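Text of target-v1.cif, listed as mmCIF, C-alpha atoms (C1' of nucleotides):
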```
data_my_file
#
loop_
_atom_site.label_atom_id
_atom_site.label_comp_id
_atom_site.auth_asym_id
_atom_site.auth_seq_id
_atom_site.Cartn_x
_atom_site.Cartn_y
_atom_site.Cartn_z
CA MET A 7 126.70 99.22 90.15
CA GLY A 8 123.27 100.35 89.22
CA LYS A 9 121.94 103.84 89.05
CA LYS A 10 118.54 104.87 90.22
CA ILE A 11 116.17 106.84 88.09
CA TYR A 12 113.08 108.79 89.00
CA VAL A 13 110.23 108.50 86.52
CA GLY A 14 107.31 110.85 86.96
CA ASN A 15 103.99 111.64 85.31
CA MET A 16 103.50 108.16 83.94
CA GLY A 17 99.79 108.04 84.49
CA PRO A 18 97.70 105.35 86.17
CA LYS A 19 98.23 102.95 83.32
CA ALA A 20 101.87 102.41 84.05
CA ASP A 21 102.89 99.41 86.06
CA GLN A 22 106.09 97.74 87.10
CA ALA A 23 106.24 95.57 84.00
CA SER A 24 105.67 98.37 81.51
CA LEU A 25 108.16 100.54 83.31
CA GLN A 26 110.76 97.84 83.16
CA ALA A 27 109.97 97.14 79.52
CA LEU A 28 110.35 100.79 78.63
CA PHE A 29 113.76 101.11 80.22
CA SER A 30 114.94 97.71 79.07
CA VAL A 31 115.39 99.23 75.64
CA PHE A 32 118.40 101.09 77.00
CA GLY A 33 119.94 98.38 79.13
CA LYS A 34 119.42 95.91 81.89
CA VAL A 35 116.75 96.97 84.34
CA GLU A 36 117.70 95.77 87.78
CA LYS A 37 114.62 97.05 89.51
CA ALA A 38 111.46 98.85 88.57
CA TYR A 39 109.03 100.18 91.13
CA ILE A 40 105.77 102.07 90.84
CA VAL A 41 104.93 104.21 93.81
CA THR A 42 101.47 103.68 95.17
CA ASP A 43 99.65 105.22 98.06
CA ARG A 44 100.27 102.75 100.80
CA GLN A 45 96.87 103.25 102.31
CA THR A 46 94.74 103.16 99.19
CA GLY A 47 96.92 101.24 96.77
CA GLN A 48 96.36 103.87 94.12
CA SER A 49 99.23 104.70 91.81
CA LYS A 50 100.82 108.06 92.41
CA GLY A 51 101.84 108.13 88.78
CA PHE A 52 105.55 107.96 89.36
CA GLY A 53 108.15 105.41 90.19
CA PHE A 54 111.75 104.38 90.11
CA VAL A 55 113.99 102.31 87.90
CA GLU A 56 117.44 101.01 88.59
CA MET A 57 119.66 100.25 85.65
CA SER A 58 122.62 97.94 85.83
CA SER A 59 125.03 100.68 84.80
CA ASP A 60 125.10 104.43 85.04
CA ALA A 61 125.77 104.70 81.32
CA GLU A 62 122.58 102.84 80.53
CA ALA A 63 120.69 104.87 83.05
CA GLN A 64 121.98 108.12 81.65
CA ALA A 65 121.09 107.04 78.13
CA ALA A 66 117.58 106.20 79.22
CA ILE A 67 117.20 109.49 81.08
CA THR A 68 118.36 111.48 78.09
CA ALA A 69 116.15 109.58 75.69
CA LEU A 70 112.99 109.45 77.76
CA ASP A 71 112.86 112.67 79.74
CA GLY A 72 110.08 114.89 78.44
CA LYS A 73 108.95 112.27 75.98
CA ASN A 74 105.31 111.57 75.37
CA CYS A 75 104.75 108.03 76.48
CA GLY A 76 101.28 106.55 76.39
CA GLY A 77 99.75 110.00 76.32
CA TYR A 78 101.81 111.31 79.20
CA THR A 79 104.86 113.50 79.01
CA VAL A 80 107.09 111.59 81.34
CA LYS A 81 109.70 113.15 83.56
CA VAL A 82 112.85 111.20 83.94
CA ASN A 83 115.81 112.07 86.08
CA GLU A 84 118.43 110.61 88.32
CA ALA A 85 116.86 109.73 91.66
CA LYS A 86 117.89 111.84 94.59
CA ALA A 87 116.68 109.89 97.57
CA LYS A 88 117.00 106.42 98.95
CA GLY A 89 120.19 106.13 97.00
"C1'" DG B 27 100.72 114.17 94.27
"C1'" DT B 28 108.42 115.64 91.13
"C1'" DT B 29 110.97 111.49 94.97
"C1'" DG B 30 109.46 104.96 97.28
"C1'" DA B 31 109.03 102.30 102.37
"C1'" DG B 32 110.17 99.79 106.82
"C1'" DC B 33 110.12 100.64 111.98
"C1'" DG B 34 108.59 102.48 116.44
"C1'" DT B 35 114.55 105.74 117.28
"C1'" DT B 36 119.57 108.93 117.19
#
```
What does this structure look like when you write it as structure tokens?
Amino acid sequence: MGKKIYVGNMGPKADQASLQALFSVFGKVEKAYIVTDRQTGQSKGFGFVEMSSDAEAQAAITALDGKNCGGYTVKVNEAKAKG
DNA sequence: GTTGAGCGTT
């Protein structure tokens, strides 16, 4: 089963496709979701990714957490909510 | 804006 990942500080440039592309390097991305303000539609700069396996997810977390991506130091961690 | 959203509920 997949594992969910929190991805923060991505900046306004990030979208669902780029998020998925980024994590696809480490495995199959089941879902990628950018959180936006529901009322304004503006990106909150963070989102979630679900990998098809926990091993892939963990590899992605380890590789990407704290990494400068597109000018932003992204924060990547296992998601805690909405499991 | 370090954790999504539905639905208005346990």
*Within 10 Å of Asp21 of chain A, counting all atoms listed in the file, which residues show up once you throw out same-chain ones fewer than 3 positions away? Write them as number ranges by chain, please.*
A: 16-18, 24-27, 38-41, 49, 51-53
*Do you know which residues lie at most 6 Å from (115.7, 98.5, 89.0), with coordinates as in the file and only C-alpha atoms (C1' of nucleotides) counted, and could you write them as a PyMOL selection string?*
chain A and resi 35-38+55-57
_For the PyMOL selection byres ((chain B) within 10 of (chain A)), applied here, can you spell out every residue it catches as an MDAnalysis selection string?_
chainID B and resid 27:31
*Please, what distance in Å, to one decimal, runs between atom CA of Val31 of chain A and atom CA of Gly72 of chain A?*
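If I compute the distance from atom CA of Val31 of chain A to atom CA of Gly72 of chain A, I get 16.8 Å.
Protein and nucleic acid residues near (116.1, 112.0, 78.0) are Ile11, Tyr12, Val13, Phe29, Phe32, Glu62, Ala63, Gln64, Ala65, Ala66, Ile67, Thr68, Ala69, Leu70, Asp71, Gly72, Lys73, Asn74, Thr79, Val80, Lys81, Val82, Asn83 and Glu84 of chain A, the criterion being any atom at most 12 Å away using all atoms listed in the file.
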*Could you tell me which of A:Ala20, A:Thr46, A:Lys34, A:Gly8 comes closest to Gly77 of chain A if we count all atoms listed in the file?*
A:Ala20
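Pairwise distance (atom CA of Ala61 of chain A, atom CA of Lys9 of chain A) equals 8.7 Å.
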_Point-to-point distance from atom CA of Met7 of chain A to atom CA of Ser30 of chain A, Å rounded to tenths_ =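 These atoms are spaced 16.2 Å apart.
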